[in-house]
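Worksheet: one structure, shown below.
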Amino acid sequence: MHLIDTHTHIYLPEFDADRDEVVNRAVNCGVSKMLMPNIDSQSVDQMLSAESRYPGVCLPMIGLHPTSVREDYLSQLDILENMATKHKFIAIGEIGIDLYWDKTFLKEQLIAFRRQISFAINKHLPVVVHSRESFPEVFSVLDEFDGKGLKGVLHAFTGNINDAVKAINMGFKLGIGGIVTFKNSGLDKIVKETGPGSLILETDSPYLAPVPYRGKRNESSYICIINKKLAEIFGTSEEEVAAITLANSTALFNL
Ligand SMILES: [Zn+2]
């Protein structure tokens with residue numbers, strides 16, 4: 001059984017003490033690739049050193065995370081776009097709108113989101129979208145690019161069924177992780193309606209660990225727990241969910 005963790009911050013300091021062990025545990029339980037979303041210009045070096053230590057396994061993206069959009073965001077974007085001309089990245093991410101932590105830079109978040117989507121379309125790369133308390137804003141921006149060949153994923157999806165259908169119709173996949181194992185998240189009912197053909201698996205590690213590790217450090221080997229939970233929800237085998245979501249990830253990220 002092959003699985004891909006489409007969203008892990010394995011390069012963060014949370015893994016400095018035991019990164020080799022964490023990657024080995026994931027590889028040993030069938031996780032063949034671990035896709036790394038970037039955060040800002042300061043995280044790139046750590047991310048690229050994880051790529052060189054685990055070549056072909058840990059694959060980097062480039063982008064400015066919405067919670068890192070501050071006064072200096074335009075120079076950040078310049079730096080990141082310049083890097084994208086010198087190194088191979090599999091996606092533009094993570095990008096989007098976050099109104100949960102801070103609304104101060106909403107205007108700048110919108111500008112950065114639009115600019116990075118245009119960049120992704122020019123580079124023929126998918127986008128990895130972070131949306132927190134911001135579905136109306138995210139969809140209004142995505143709408144502007146409808147029909148322009150944009151594809152991507154709504155990572156750590158937490159919307160309702162209408163949001164899910166809208167995203168899928170726009171060519172997006174839903175990134176499903178630990179939240180689907182949380183009691184009362186309601187996400188189980190939504191994915192049951194969408195079916196596995198619209199889903200890709202992710203941990204968002206070190207965050208959002210699935211039950212029974214909720215609240216602890218998350219890691220890519222737990223992608224097996226997410227896969228198992230989805231198999232239960234769909235009433236099918238783990239192998240089947242793994243095969244379908246693997247095909248979805250492979251196609252979306254041109255792996
Ligand atoms: Zn993330």
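Identifiers in this document derive from the order of the structure tokens: chains are assigned A, B, ..., residues are numbered from 1 separately in each chain, and ligands are numbered from 1 in order of occurrence.
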Between chain A and ligand 1, at 12 Å or less, what are the per-residue closest atom pairs and their distances in Å? Count only C-alpha atoms and all ligand atoms, order by chain and rising residue number, and return it as a Markdown table.
| residue | atom | partner | partner_atom_place_in_ligand_line | distance |
| --- | --- | --- | --- | --- |
| A:Asp5 | CA | ligand 1 | 1 (Zn) | 11.6 |
| A:Thr6 | CA | ligand 1 | 1 (Zn) | 9.9 |
| A:His7 | CA | ligand 1 | 1 (Zn) | 6.3 |
| A:Thr8 | CA | ligand 1 | 1 (Zn) | 6.6 |
| A:His9 | CA | ligand 1 | 1 (Zn) | 6.6 |
| A:Ile10 | CA | ligand 1 | 1 (Zn) | 10.3 |
| A:Tyr11 | CA | ligand 1 | 1 (Zn) | 11.5 |
| A:Leu12 | CA | ligand 1 | 1 (Zn) | 10.9 |
| A:Leu35 | CA | ligand 1 | 1 (Zn) | 10.4 |
| A:Met36 | CA | ligand 1 | 1 (Zn) | 8.3 |
| A:Pro37 | CA | ligand 1 | 1 (Zn) | 6.2 |
| A:Asn38 | CA | ligand 1 | 1 (Zn) | 7.9 |
| A:Ile39 | CA | ligand 1 | 1 (Zn) | 7.9 |
| A:Asp40 | CA | ligand 1 | 1 (Zn) | 11.7 |
| A:Met61 | CA | ligand 1 | 1 (Zn) | 11.1 |
| A:Gly63 | CA | ligand 1 | 1 (Zn) | 11.2 |
| A:Leu64 | CA | ligand 1 | 1 (Zn) | 11.1 |
| A:His65 | CA | ligand 1 | 1 (Zn) | 8.3 |
| A:Pro66 | CA | ligand 1 | 1 (Zn) | 10.6 |
| A:Thr67 | CA | ligand 1 | 1 (Zn) | 10.7 |
| A:Gly93 | CA | ligand 1 | 1 (Zn) | 8.6 |
| A:Glu94 | CA | ligand 1 | 1 (Zn) | 6.6 |
| A:Ile95 | CA | ligand 1 | 1 (Zn) | 9.4 |
| A:Gly96 | CA | ligand 1 | 1 (Zn) | 11.0 |
| A:Asp98 | CA | ligand 1 | 1 (Zn) | 11.8 |
| A:Val128 | CA | ligand 1 | 1 (Zn) | 9.0 |
| A:Val129 | CA | ligand 1 | 1 (Zn) | 9.1 |
| A:His130 | CA | ligand 1 | 1 (Zn) | 7.3 |
| A:Ser131 | CA | ligand 1 | 1 (Zn) | 10.4 |
| A:Arg132 | CA | ligand 1 | 1 (Zn) | 11.4 |
| A:Val153 | CA | ligand 1 | 1 (Zn) | 11.9 |
| A:Leu154 | CA | ligand 1 | 1 (Zn) | 11.0 |
| A:His155 | CA | ligand 1 | 1 (Zn) | 7.7 |
| A:Ala156 | CA | ligand 1 | 1 (Zn) | 8.1 |
| A:Phe157 | CA | ligand 1 | 1 (Zn) | 11.5 |
| A:Gly175 | CA | ligand 1 | 1 (Zn) | 10.7 |
| A:Gly177 | CA | ligand 1 | 1 (Zn) | 11.1 |
| A:Glu202 | CA | ligand 1 | 1 (Zn) | 9.4 |
| A:Thr203 | CA | ligand 1 | 1 (Zn) | 8.7 |
| A:Asp204 | CA | ligand 1 | 1 (Zn) | 5.1 |
| A:Ser205 | CA | ligand 1 | 1 (Zn) | 7.6 |
| A:Pro206 | CA | ligand 1 | 1 (Zn) | 8.9 |
| A:Tyr207 | CA | ligand 1 | 1 (Zn) | 8.0 |
| A:Leu208 | CA | ligand 1 | 1 (Zn) | 9.8 |
| A:Asn218 | CA | ligand 1 | 1 (Zn) | 11.9 |
For this session: Extract the full set of strand (DSSP E or B) residues from region 3-242 of chain A according to DSSP on the backbone, and format it as a PyMOL selection string.
Result: chain A and resi 3-5+8+31-36+58-60+62+92-98+127-132+152-155+172-176+199-201+205
For Ala26 (chain A), find every residue with an atom within 12 Å (counting only C-alpha atoms), except residues of its own chain fewer than 3 positions away, and show them as a short mmCIF file (atom, residue, chain, number, x, y, z; two decimals) with all heavy atoms, in the first residue's frame.
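To be explicit, this is the file written out as part.cif:
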data_model
loop_
_atom_site.label_atom_id
_atom_site.label_comp_id
_atom_site.auth_asym_id
_atom_site.auth_seq_id
_atom_site.Cartn_x
_atom_site.Cartn_y
_atom_site.Cartn_z
N HIS A 2 0.67 2.12 -0.99
CA HIS A 2 1.44 3.36 -1.07
C HIS A 2 0.57 4.56 -0.70
O HIS A 2 -0.57 4.65 -1.14
CB HIS A 2 1.97 3.57 -2.49
CG HIS A 2 3.24 2.84 -2.72
ND1 HIS A 2 4.44 3.27 -2.20
CD2 HIS A 2 3.50 1.71 -3.39
CE1 HIS A 2 5.38 2.43 -2.56
NE2 HIS A 2 4.85 1.47 -3.28
N LEU A 3 1.13 5.45 0.10
CA LEU A 3 0.42 6.64 0.53
C LEU A 3 1.31 7.85 0.32
O LEU A 3 2.54 7.72 0.31
CB LEU A 3 0.07 6.53 2.02
CG LEU A 3 -0.82 5.35 2.42
CD1 LEU A 3 -0.65 5.03 3.89
CD2 LEU A 3 -2.28 5.67 2.12
N ILE A 4 0.68 9.02 0.16
CA ILE A 4 1.45 10.26 0.07
C ILE A 4 0.91 11.22 1.13
O ILE A 4 -0.30 11.40 1.24
CB ILE A 4 1.31 10.90 -1.33
CG1 ILE A 4 1.97 10.00 -2.38
CG2 ILE A 4 1.92 12.30 -1.35
CD1 ILE A 4 1.87 10.53 -3.80
N ASP A 5 1.82 11.80 1.92
CA ASP A 5 1.42 12.88 2.81
C ASP A 5 1.57 14.18 2.01
O ASP A 5 2.69 14.62 1.76
CB ASP A 5 2.28 12.90 4.08
CG ASP A 5 1.81 13.96 5.07
OD1 ASP A 5 0.88 14.71 4.72
OD2 ASP A 5 2.38 14.03 6.17
N THR A 8 3.10 18.33 4.89
CA THR A 8 3.83 18.20 6.15
C THR A 8 4.91 19.25 6.27
O THR A 8 5.60 19.56 5.30
CB THR A 8 4.46 16.81 6.32
OG1 THR A 8 5.29 16.84 7.50
CG2 THR A 8 5.30 16.39 5.13
N ILE A 10 7.70 18.97 7.93
CA ILE A 10 8.74 18.14 8.53
C ILE A 10 10.04 18.91 8.77
O ILE A 10 10.87 18.51 9.57
CB ILE A 10 9.00 16.89 7.63
CG1 ILE A 10 10.03 15.93 8.23
CG2 ILE A 10 9.42 17.28 6.21
CD1 ILE A 10 9.59 15.20 9.44
N ARG A 19 14.25 13.87 13.29
CA ARG A 19 13.69 13.93 11.94
C ARG A 19 13.91 12.62 11.17
O ARG A 19 13.01 12.13 10.50
CB ARG A 19 14.27 15.13 11.18
CG ARG A 19 13.57 15.41 9.85
CD ARG A 19 13.97 16.75 9.26
NE ARG A 19 13.42 17.87 10.02
CZ ARG A 19 14.11 18.70 10.80
NH1 ARG A 19 15.42 18.56 10.93
NH2 ARG A 19 13.52 19.68 11.44
N ASP A 20 15.12 12.04 11.27
CA ASP A 20 15.40 10.78 10.55
C ASP A 20 14.41 9.69 10.96
O ASP A 20 13.87 8.97 10.11
CB ASP A 20 16.82 10.29 10.84
CG ASP A 20 17.86 11.12 10.10
OD1 ASP A 20 17.48 11.95 9.25
OD2 ASP A 20 19.06 10.92 10.39
N GLU A 21 14.19 9.56 12.26
CA GLU A 21 13.28 8.52 12.76
C GLU A 21 11.86 8.76 12.24
O GLU A 21 11.16 7.82 11.86
CB GLU A 21 13.24 8.50 14.30
CG GLU A 21 14.48 7.93 14.96
CD GLU A 21 15.52 9.00 15.28
OE1 GLU A 21 15.64 9.99 14.52
OE2 GLU A 21 16.22 8.83 16.29
N VAL A 22 11.43 10.03 12.25
CA VAL A 22 10.07 10.35 11.81
C VAL A 22 9.90 9.99 10.32
O VAL A 22 8.90 9.37 9.93
CB VAL A 22 9.75 11.84 12.06
CG1 VAL A 22 8.43 12.25 11.40
CG2 VAL A 22 9.70 12.13 13.55
N VAL A 23 10.89 10.36 9.51
CA VAL A 23 10.80 10.06 8.08
C VAL A 23 10.84 8.54 7.86
O VAL A 23 10.05 7.99 7.09
CB VAL A 23 11.92 10.78 7.29
CG1 VAL A 23 11.96 10.31 5.85
CG2 VAL A 23 11.73 12.29 7.36
N CYS A 29 5.88 2.64 6.81
CA CYS A 29 4.45 2.28 6.77
C CYS A 29 3.83 2.65 5.43
O CYS A 29 2.61 2.69 5.30
CB CYS A 29 3.70 2.81 7.99
SG CYS A 29 3.16 4.47 7.88
N GLY A 30 4.66 2.88 4.41
CA GLY A 30 4.13 3.00 3.05
C GLY A 30 4.01 4.41 2.51
O GLY A 30 3.51 4.62 1.40
N VAL A 31 4.47 5.41 3.29
CA VAL A 31 4.39 6.80 2.80
C VAL A 31 5.59 7.04 1.88
O VAL A 31 6.72 7.17 2.34
CB VAL A 31 4.38 7.80 3.98
CG1 VAL A 31 4.28 9.23 3.46
CG2 VAL A 31 3.21 7.50 4.92
N SER A 32 5.33 7.07 0.59
CA SER A 32 6.44 7.14 -0.37
C SER A 32 6.89 8.57 -0.63
O SER A 32 8.02 8.80 -1.03
CB SER A 32 6.03 6.49 -1.69
OG SER A 32 4.84 7.07 -2.17
N LYS A 33 5.99 9.54 -0.40
CA LYS A 33 6.36 10.94 -0.60
C LYS A 33 5.74 11.81 0.49
O LYS A 33 4.63 11.55 0.95
CB LYS A 33 5.90 11.42 -1.97
CG LYS A 33 6.66 10.75 -3.11
CD LYS A 33 6.51 11.49 -4.40
CE LYS A 33 7.20 10.82 -5.58
NZ LYS A 33 8.27 9.86 -5.32
N MET A 34 6.48 12.86 0.83
CA MET A 34 6.02 13.82 1.83
C MET A 34 6.18 15.21 1.22
O MET A 34 7.30 15.66 0.98
CB MET A 34 6.86 13.68 3.10
CG MET A 34 6.77 12.26 3.69
SD MET A 34 8.12 11.81 4.80
CE MET A 34 7.76 12.87 6.16
N VAL A 57 11.83 11.92 -1.64
CA VAL A 57 10.80 11.61 -0.63
C VAL A 57 10.16 12.92 -0.15
O VAL A 57 8.95 13.09 -0.21
CB VAL A 57 11.39 10.83 0.56
CG1 VAL A 57 10.33 10.61 1.64
CG2 VAL A 57 11.94 9.49 0.09
N CYS A 58 10.98 13.85 0.33
CA CYS A 58 10.48 15.14 0.79
C CYS A 58 10.59 16.17 -0.34
O CYS A 58 11.70 16.52 -0.75
CB CYS A 58 11.27 15.61 2.00
SG CYS A 58 11.01 14.56 3.45
N THR A 203 -1.24 15.29 6.58
CA THR A 203 -1.20 15.37 8.06
C THR A 203 -1.22 16.80 8.56
O THR A 203 -1.76 17.08 9.62
CB THR A 203 0.06 14.70 8.64
OG1 THR A 203 1.22 15.33 8.09
CG2 THR A 203 0.06 13.21 8.36
N SER A 205 1.39 17.92 9.65
CA SER A 205 2.27 17.77 10.81
C SER A 205 3.28 18.92 10.86
O SER A 205 3.67 19.43 9.81
CB SER A 205 3.00 16.42 10.76
OG SER A 205 3.62 16.21 9.51
N ASN A 218 2.03 15.78 15.55
CA ASN A 218 1.60 14.94 14.43
C ASN A 218 2.82 14.53 13.61
O ASN A 218 3.84 15.21 13.62
CB ASN A 218 0.63 15.74 13.56
CG ASN A 218 -0.22 14.88 12.65
OD1 ASN A 218 -0.13 13.66 12.64
ND2 ASN A 218 -1.08 15.54 11.89
N GLU A 219 2.72 13.42 12.86
CA GLU A 219 3.81 13.02 11.96
C GLU A 219 3.26 12.24 10.79
O GLU A 219 2.14 11.72 10.83
CB GLU A 219 4.87 12.22 12.71
CG GLU A 219 4.35 10.92 13.31
CD GLU A 219 5.49 10.06 13.86
OE1 GLU A 219 6.08 10.46 14.88
OE2 GLU A 219 5.79 9.01 13.24
N SER A 220 4.06 12.14 9.72
CA SER A 220 3.56 11.59 8.45
C SER A 220 3.11 10.14 8.54
O SER A 220 2.26 9.71 7.76
CB SER A 220 4.61 11.75 7.36
OG SER A 220 4.73 13.10 7.01
N SER A 221 3.66 9.34 9.47
CA SER A 221 3.23 7.94 9.55
C SER A 221 1.75 7.85 9.93
O SER A 221 1.10 6.84 9.64
CB SER A 221 4.09 7.14 10.54
OG SER A 221 3.88 7.61 11.85
N TYR A 222 1.21 8.90 10.55
CA TYR A 222 -0.21 8.87 10.94
C TYR A 222 -1.15 9.00 9.75
O TYR A 222 -2.36 8.93 9.88
CB TYR A 222 -0.53 9.99 11.96
CG TYR A 222 0.23 9.91 13.26
CD1 TYR A 222 0.23 11.00 14.14
CD2 TYR A 222 0.92 8.76 13.63
CE1 TYR A 222 0.92 10.93 15.34
CE2 TYR A 222 1.62 8.70 14.83
CZ TYR A 222 1.62 9.79 15.68
OH TYR A 222 2.30 9.75 16.87
N ILE A 223 -0.59 9.18 8.56
CA ILE A 223 -1.43 9.22 7.36
C ILE A 223 -2.18 7.89 7.23
O ILE A 223 -3.28 7.83 6.70
CB ILE A 223 -0.55 9.54 6.11
CG1 ILE A 223 -1.31 10.40 5.10
CG2 ILE A 223 -0.06 8.30 5.40
CD1 ILE A 223 -1.39 11.81 5.38
N CYS A 224 -1.58 6.81 7.76
CA CYS A 224 -2.25 5.50 7.75
C CYS A 224 -3.54 5.54 8.57
O CYS A 224 -4.52 4.86 8.23
CB CYS A 224 -1.34 4.42 8.32
SG CYS A 224 0.27 4.40 7.56
N ILE A 225 -3.55 6.33 9.65
CA ILE A 225 -4.75 6.45 10.49
C ILE A 225 -5.86 7.16 9.72
O ILE A 225 -7.03 6.77 9.77
CB ILE A 225 -4.43 7.23 11.79
CG1 ILE A 225 -3.35 6.49 12.59
CG2 ILE A 225 -5.68 7.46 12.62
CD1 ILE A 225 -2.86 7.25 13.82
#
Exercise. Could you write out, as a count of residues only, all the residues of region 91-171 of chain A that DSSP marks as helix (DSSP H, G or I)?
Worked result: 37
At a cut-off of 12 Å, can you tabulate as a tab-separated table every residue of region 49-137 of chain A near region 232-252 of chain A together with its closest atom pair and the distance in Å to one decimal, using only C-alpha atoms and ordering rows by chain then number?
residue	atom	partner	partner_atom	distance
A:Ile90	CA	A:Leu252	CA	9.8
A:Ala91	CA	A:Leu252	CA	9.4
A:His124	CA	A:Leu252	CA	11.1
A:Leu125	CA	A:Leu252	CA	9.0
A:Pro126	CA	A:Leu252	CA	6.8
A:Val127	CA	A:Leu252	CA	9.5
A:Val128	CA	A:Leu252	CA	10.4
Selected residues, all heavy atoms, written as a PDB file, in the first residue's frame, please.
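Now in part32.pdb:
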ATOM      1  N   ILE A  90       7.172  21.718  -6.470  1.00  0.00           N
ATOM      2  CA  ILE A  90       6.065  20.947  -7.035  1.00  0.00           C
ATOM      3  C   ILE A  90       4.737  21.692  -6.991  1.00  0.00           C
ATOM      4  O   ILE A  90       3.777  21.271  -7.626  1.00  0.00           O
ATOM      5  CB  ILE A  90       5.895  19.592  -6.322  1.00  0.00           C
ATOM      6  CG1 ILE A  90       5.821  19.826  -4.811  1.00  0.00           C
ATOM      7  CG2 ILE A  90       7.022  18.643  -6.654  1.00  0.00           C
ATOM      8  CD1 ILE A  90       5.042  18.773  -4.122  1.00  0.00           C
ATOM      9  N   ALA A  91       4.674  22.795  -6.224  1.00  0.00           N
ATOM     10  CA  ALA A  91       3.405  23.533  -6.111  1.00  0.00           C
ATOM     11  C   ALA A  91       3.682  24.913  -5.521  1.00  0.00           C
ATOM     12  O   ALA A  91       4.758  25.168  -4.986  1.00  0.00           O
ATOM     13  CB  ALA A  91       2.428  22.774  -5.207  1.00  0.00           C
ATOM     14  N   HIS A 124       2.356  26.782 -14.507  1.00  0.00           N
ATOM     15  CA  HIS A 124       1.631  25.509 -14.635  1.00  0.00           C
ATOM     16  C   HIS A 124       1.794  24.646 -13.391  1.00  0.00           C
ATOM     17  O   HIS A 124       2.031  23.441 -13.482  1.00  0.00           O
ATOM     18  CB  HIS A 124       2.076  24.738 -15.876  1.00  0.00           C
ATOM     19  CG  HIS A 124       1.948  25.545 -17.131  1.00  0.00           C
ATOM     20  ND1 HIS A 124       0.735  25.830 -17.702  1.00  0.00           N
ATOM     21  CD2 HIS A 124       2.880  26.151 -17.888  1.00  0.00           C
ATOM     22  CE1 HIS A 124       0.921  26.580 -18.766  1.00  0.00           C
ATOM     23  NE2 HIS A 124       2.216  26.791 -18.908  1.00  0.00           N
ATOM     24  N   LEU A 125       1.667  25.278 -12.232  1.00  0.00           N
ATOM     25  CA  LEU A 125       1.779  24.545 -10.970  1.00  0.00           C
ATOM     26  C   LEU A 125       0.457  24.601 -10.214  1.00  0.00           C
ATOM     27  O   LEU A 125      -0.277  25.588 -10.307  1.00  0.00           O
ATOM     28  CB  LEU A 125       2.880  25.164 -10.092  1.00  0.00           C
ATOM     29  CG  LEU A 125       4.332  24.955 -10.556  1.00  0.00           C
ATOM     30  CD1 LEU A 125       5.276  25.777  -9.695  1.00  0.00           C
ATOM     31  CD2 LEU A 125       4.698  23.476 -10.528  1.00  0.00           C
ATOM     32  N   PRO A 126       0.155  23.538  -9.446  1.00  0.00           N
ATOM     33  CA  PRO A 126      -1.049  23.583  -8.611  1.00  0.00           C
ATOM     34  C   PRO A 126      -0.838  24.489  -7.397  1.00  0.00           C
ATOM     35  O   PRO A 126       0.313  24.791  -7.040  1.00  0.00           O
ATOM     36  CB  PRO A 126      -1.226  22.129  -8.167  1.00  0.00           C
ATOM     37  CG  PRO A 126       0.147  21.542  -8.221  1.00  0.00           C
ATOM     38  CD  PRO A 126       0.882  22.267  -9.320  1.00  0.00           C
ATOM     39  N   VAL A 127      -1.936  24.919  -6.772  1.00  0.00           N
ATOM     40  CA  VAL A 127      -1.841  25.736  -5.559  1.00  0.00           C
ATOM     41  C   VAL A 127      -2.336  24.939  -4.347  1.00  0.00           C
ATOM     42  O   VAL A 127      -3.268  24.143  -4.458  1.00  0.00           O
ATOM     43  CB  VAL A 127      -2.658  27.050  -5.660  1.00  0.00           C
ATOM     44  CG1 VAL A 127      -2.006  28.024  -6.630  1.00  0.00           C
ATOM     45  CG2 VAL A 127      -4.110  26.794  -6.056  1.00  0.00           C
ATOM     46  N   VAL A 128      -1.693  25.173  -3.214  1.00  0.00           N
ATOM     47  CA  VAL A 128      -2.114  24.565  -1.951  1.00  0.00           C
ATOM     48  C   VAL A 128      -2.671  25.698  -1.099  1.00  0.00           C
ATOM     49  O   VAL A 128      -1.934  26.604  -0.696  1.00  0.00           O
ATOM     50  CB  VAL A 128      -0.935  23.851  -1.269  1.00  0.00           C
ATOM     51  CG1 VAL A 128      -1.321  23.391   0.130  1.00  0.00           C
ATOM     52  CG2 VAL A 128      -0.501  22.664  -2.130  1.00  0.00           C
TER      53      VAL A 128
END
For this session: Grab the CA of Pro196 (chain A) to CA of Ala209 (chain A) distance for me, in Å with one decimal place.
Result: 20.9 Å
For this session: Would you mind telling me which residue in A:Ala167, A:Leu59, A:Ile176, A:Leu230 lies nearest to Lys192 (chain A) when using only C-alpha atoms?
Result: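 The closest residue to Lys192 (chain A) is A:Leu230.
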Problem set entry | Near-region 79-84 of chain A list (9 Å; only C-alpha atoms; drop same-chain fewer than 4 positions) as a PyMOL selection string | chain A and resi 40-41+44+62-64+74-75+88-89+116+119
So that I have them on file, write out the residues from the current selection with all heavy atoms, as an mmCIF file, in the first residue's frame.
data_model
loop_
_atom_site.group_PDB
_atom_site.id
_atom_site.type_symbol
_atom_site.label_atom_id
_atom_site.label_comp_id
_atom_site.auth_asym_id
_atom_site.auth_seq_id
_atom_site.Cartn_x
_atom_site.Cartn_y
_atom_site.Cartn_z
ATOM 1 N N ASP A 40 7.451 31.062 4.621
ATOM 2 C CA ASP A 40 7.913 32.395 4.200
ATOM 3 C C ASP A 40 9.373 32.305 3.792
ATOM 4 O O ASP A 40 9.933 31.203 3.727
ATOM 5 C CB ASP A 40 7.685 33.432 5.311
ATOM 6 C CG ASP A 40 8.298 33.007 6.633
ATOM 7 O OD1 ASP A 40 9.346 32.331 6.621
ATOM 8 O OD2 ASP A 40 7.726 33.336 7.682
ATOM 9 N N SER A 41 10.021 33.447 3.527
ATOM 10 C CA SER A 41 11.390 33.402 3.000
ATOM 11 C C SER A 41 12.371 32.824 4.025
ATOM 12 O O SER A 41 13.423 32.326 3.668
ATOM 13 C CB SER A 41 11.836 34.795 2.561
ATOM 14 O OG SER A 41 11.851 35.661 3.667
ATOM 15 N N VAL A 44 12.549 28.688 3.936
ATOM 16 C CA VAL A 44 12.971 27.986 2.709
ATOM 17 C C VAL A 44 14.238 27.159 2.915
ATOM 18 O O VAL A 44 14.295 25.999 2.480
ATOM 19 C CB VAL A 44 13.184 28.984 1.546
ATOM 20 C CG1 VAL A 44 13.660 28.252 0.304
ATOM 21 C CG2 VAL A 44 11.896 29.715 1.230
ATOM 22 N N ILE A 62 6.735 26.267 -2.931
ATOM 23 C CA ILE A 62 7.167 27.627 -2.604
ATOM 24 C C ILE A 62 5.933 28.526 -2.511
ATOM 25 O O ILE A 62 4.997 28.377 -3.302
ATOM 26 C CB ILE A 62 8.206 28.163 -3.624
ATOM 27 C CG1 ILE A 62 8.918 29.401 -3.102
ATOM 28 C CG2 ILE A 62 7.580 28.420 -4.988
ATOM 29 C CD1 ILE A 62 10.081 29.113 -2.220
ATOM 30 N N GLY A 63 5.941 29.434 -1.514
ATOM 31 C CA GLY A 63 4.792 30.317 -1.348
ATOM 32 C C GLY A 63 4.880 31.061 -0.036
ATOM 33 O O GLY A 63 5.707 30.721 0.818
ATOM 34 N N LEU A 64 4.034 32.074 0.095
ATOM 35 C CA LEU A 64 3.972 32.874 1.327
ATOM 36 C C LEU A 64 2.656 32.568 2.041
ATOM 37 O O LEU A 64 1.573 32.835 1.518
ATOM 38 C CB LEU A 64 4.082 34.366 0.990
ATOM 39 C CG LEU A 64 4.101 35.339 2.172
ATOM 40 C CD1 LEU A 64 5.314 35.111 3.074
ATOM 41 C CD2 LEU A 64 4.073 36.788 1.668
ATOM 42 N N LEU A 74 5.499 42.339 0.059
ATOM 43 C CA LEU A 74 5.866 42.448 -1.363
ATOM 44 C C LEU A 74 7.313 42.013 -1.595
ATOM 45 O O LEU A 74 7.594 41.307 -2.572
ATOM 46 C CB LEU A 74 5.635 43.883 -1.864
ATOM 47 C CG LEU A 74 4.163 44.280 -2.007
ATOM 48 C CD1 LEU A 74 4.037 45.756 -2.364
ATOM 49 C CD2 LEU A 74 3.436 43.408 -3.039
ATOM 50 N N SER A 75 8.207 42.376 -0.669
ATOM 51 C CA SER A 75 9.589 41.931 -0.848
ATOM 52 C C SER A 75 9.704 40.431 -0.593
ATOM 53 O O SER A 75 10.495 39.731 -1.225
ATOM 54 C CB SER A 75 10.555 42.731 0.019
ATOM 55 O OG SER A 75 10.236 42.567 1.370
ATOM 56 N N LYS A 88 13.463 23.583 -8.478
ATOM 57 C CA LYS A 88 12.188 22.952 -8.842
ATOM 58 C C LYS A 88 11.292 22.815 -7.609
ATOM 59 O O LYS A 88 11.691 22.256 -6.595
ATOM 60 C CB LYS A 88 12.453 21.572 -9.440
ATOM 61 C CG LYS A 88 11.190 20.862 -9.897
ATOM 62 C CD LYS A 88 11.535 19.534 -10.562
ATOM 63 C CE LYS A 88 10.408 18.521 -10.602
ATOM 64 N NZ LYS A 88 9.101 18.957 -10.978
ATOM 65 N N PHE A 89 10.086 23.361 -7.714
ATOM 66 C CA PHE A 89 9.083 23.222 -6.665
ATOM 67 C C PHE A 89 7.854 22.553 -7.270
ATOM 68 O O PHE A 89 7.529 22.789 -8.437
ATOM 69 C CB PHE A 89 8.714 24.590 -6.086
ATOM 70 C CG PHE A 89 9.860 25.254 -5.368
ATOM 71 C CD1 PHE A 89 10.650 26.197 -6.018
ATOM 72 C CD2 PHE A 89 10.158 24.917 -4.061
ATOM 73 C CE1 PHE A 89 11.716 26.802 -5.361
ATOM 74 C CE2 PHE A 89 11.227 25.521 -3.398
ATOM 75 C CZ PHE A 89 12.009 26.460 -4.058
ATOM 76 N N GLN A 116 0.004 35.220 -6.143
ATOM 77 C CA GLN A 116 0.584 33.873 -6.123
ATOM 78 C C GLN A 116 -0.220 32.896 -6.993
ATOM 79 O O GLN A 116 0.341 31.982 -7.585
ATOM 80 C CB GLN A 116 0.721 33.377 -4.682
ATOM 81 C CG GLN A 116 1.742 34.215 -3.900
ATOM 82 C CD GLN A 116 2.004 33.671 -2.506
ATOM 83 O OE1 GLN A 116 2.918 32.886 -2.306
ATOM 84 N NE2 GLN A 116 1.200 34.078 -1.546
ATOM 85 N N PHE A 119 0.921 33.590 -10.494
ATOM 86 C CA PHE A 119 2.248 33.004 -10.636
ATOM 87 C C PHE A 119 2.141 31.497 -10.896
ATOM 88 O O PHE A 119 2.809 30.945 -11.775
ATOM 89 C CB PHE A 119 3.066 33.278 -9.368
ATOM 90 C CG PHE A 119 4.506 32.892 -9.461
ATOM 91 C CD1 PHE A 119 5.400 33.672 -10.185
ATOM 92 C CD2 PHE A 119 4.978 31.748 -8.830
ATOM 93 C CE1 PHE A 119 6.748 33.314 -10.280
ATOM 94 C CE2 PHE A 119 6.319 31.391 -8.907
ATOM 95 C CZ PHE A 119 7.202 32.174 -9.642
#
Exercise. Do you know which residues are at most 12 Å from Lys103 (chain A) counting only C-alpha atoms, after dropping those on the same chain fewer than 6 positions away, and could you put them as a list in words?
Worked result: Pro66, Thr67, Val69, Arg70, Ile97, Gln109, Leu110, Arg132, Glu133 and Ser134 of chain A
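Of the residues listed (A:Leu77, A:Leu187, A:Ile226, A:Ile179), A:Ile226 shows the shortest atom-to-atom separation from Leu201 (chain A); distances use only C-alpha atoms.
Surrounding region 193-195 of chain A within 8 Å are Ile161, Ala164, Val165 and Phe234 of chain A, with only C-alpha atoms counted and residues fewer than 6 positions along the same chain left out.
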Exercise. What is the CA of Asn24 (chain A) to CA of Lys216 (chain A) distance in Å?
Worked result: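 Separation of CA of Asn24 (chain A) and CA of Lys216 (chain A): 19.1 Å.
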Problem set entry | Separation of CA of Asn169 (chain A) from CA of Lys148 (chain A) in Å | 13.4 Å
Exercise. With only C-alpha atoms as the atoms that count, which of A:Phe105, A:Arg217, A:Ser52, A:Val211 lies nearest to Val180 (chain A)?
Worked result: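 Comparing A:Phe105, A:Arg217, A:Ser52, A:Val211 against Val180 (chain A), the winner is A:Val211.
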For this session: Return the single residue from A:Asp78, A:Pro210, A:Glu51, A:Glu14 that is closest to Thr181 (chain A), with distances computed using only C-alpha atoms.
Result: A:Pro210
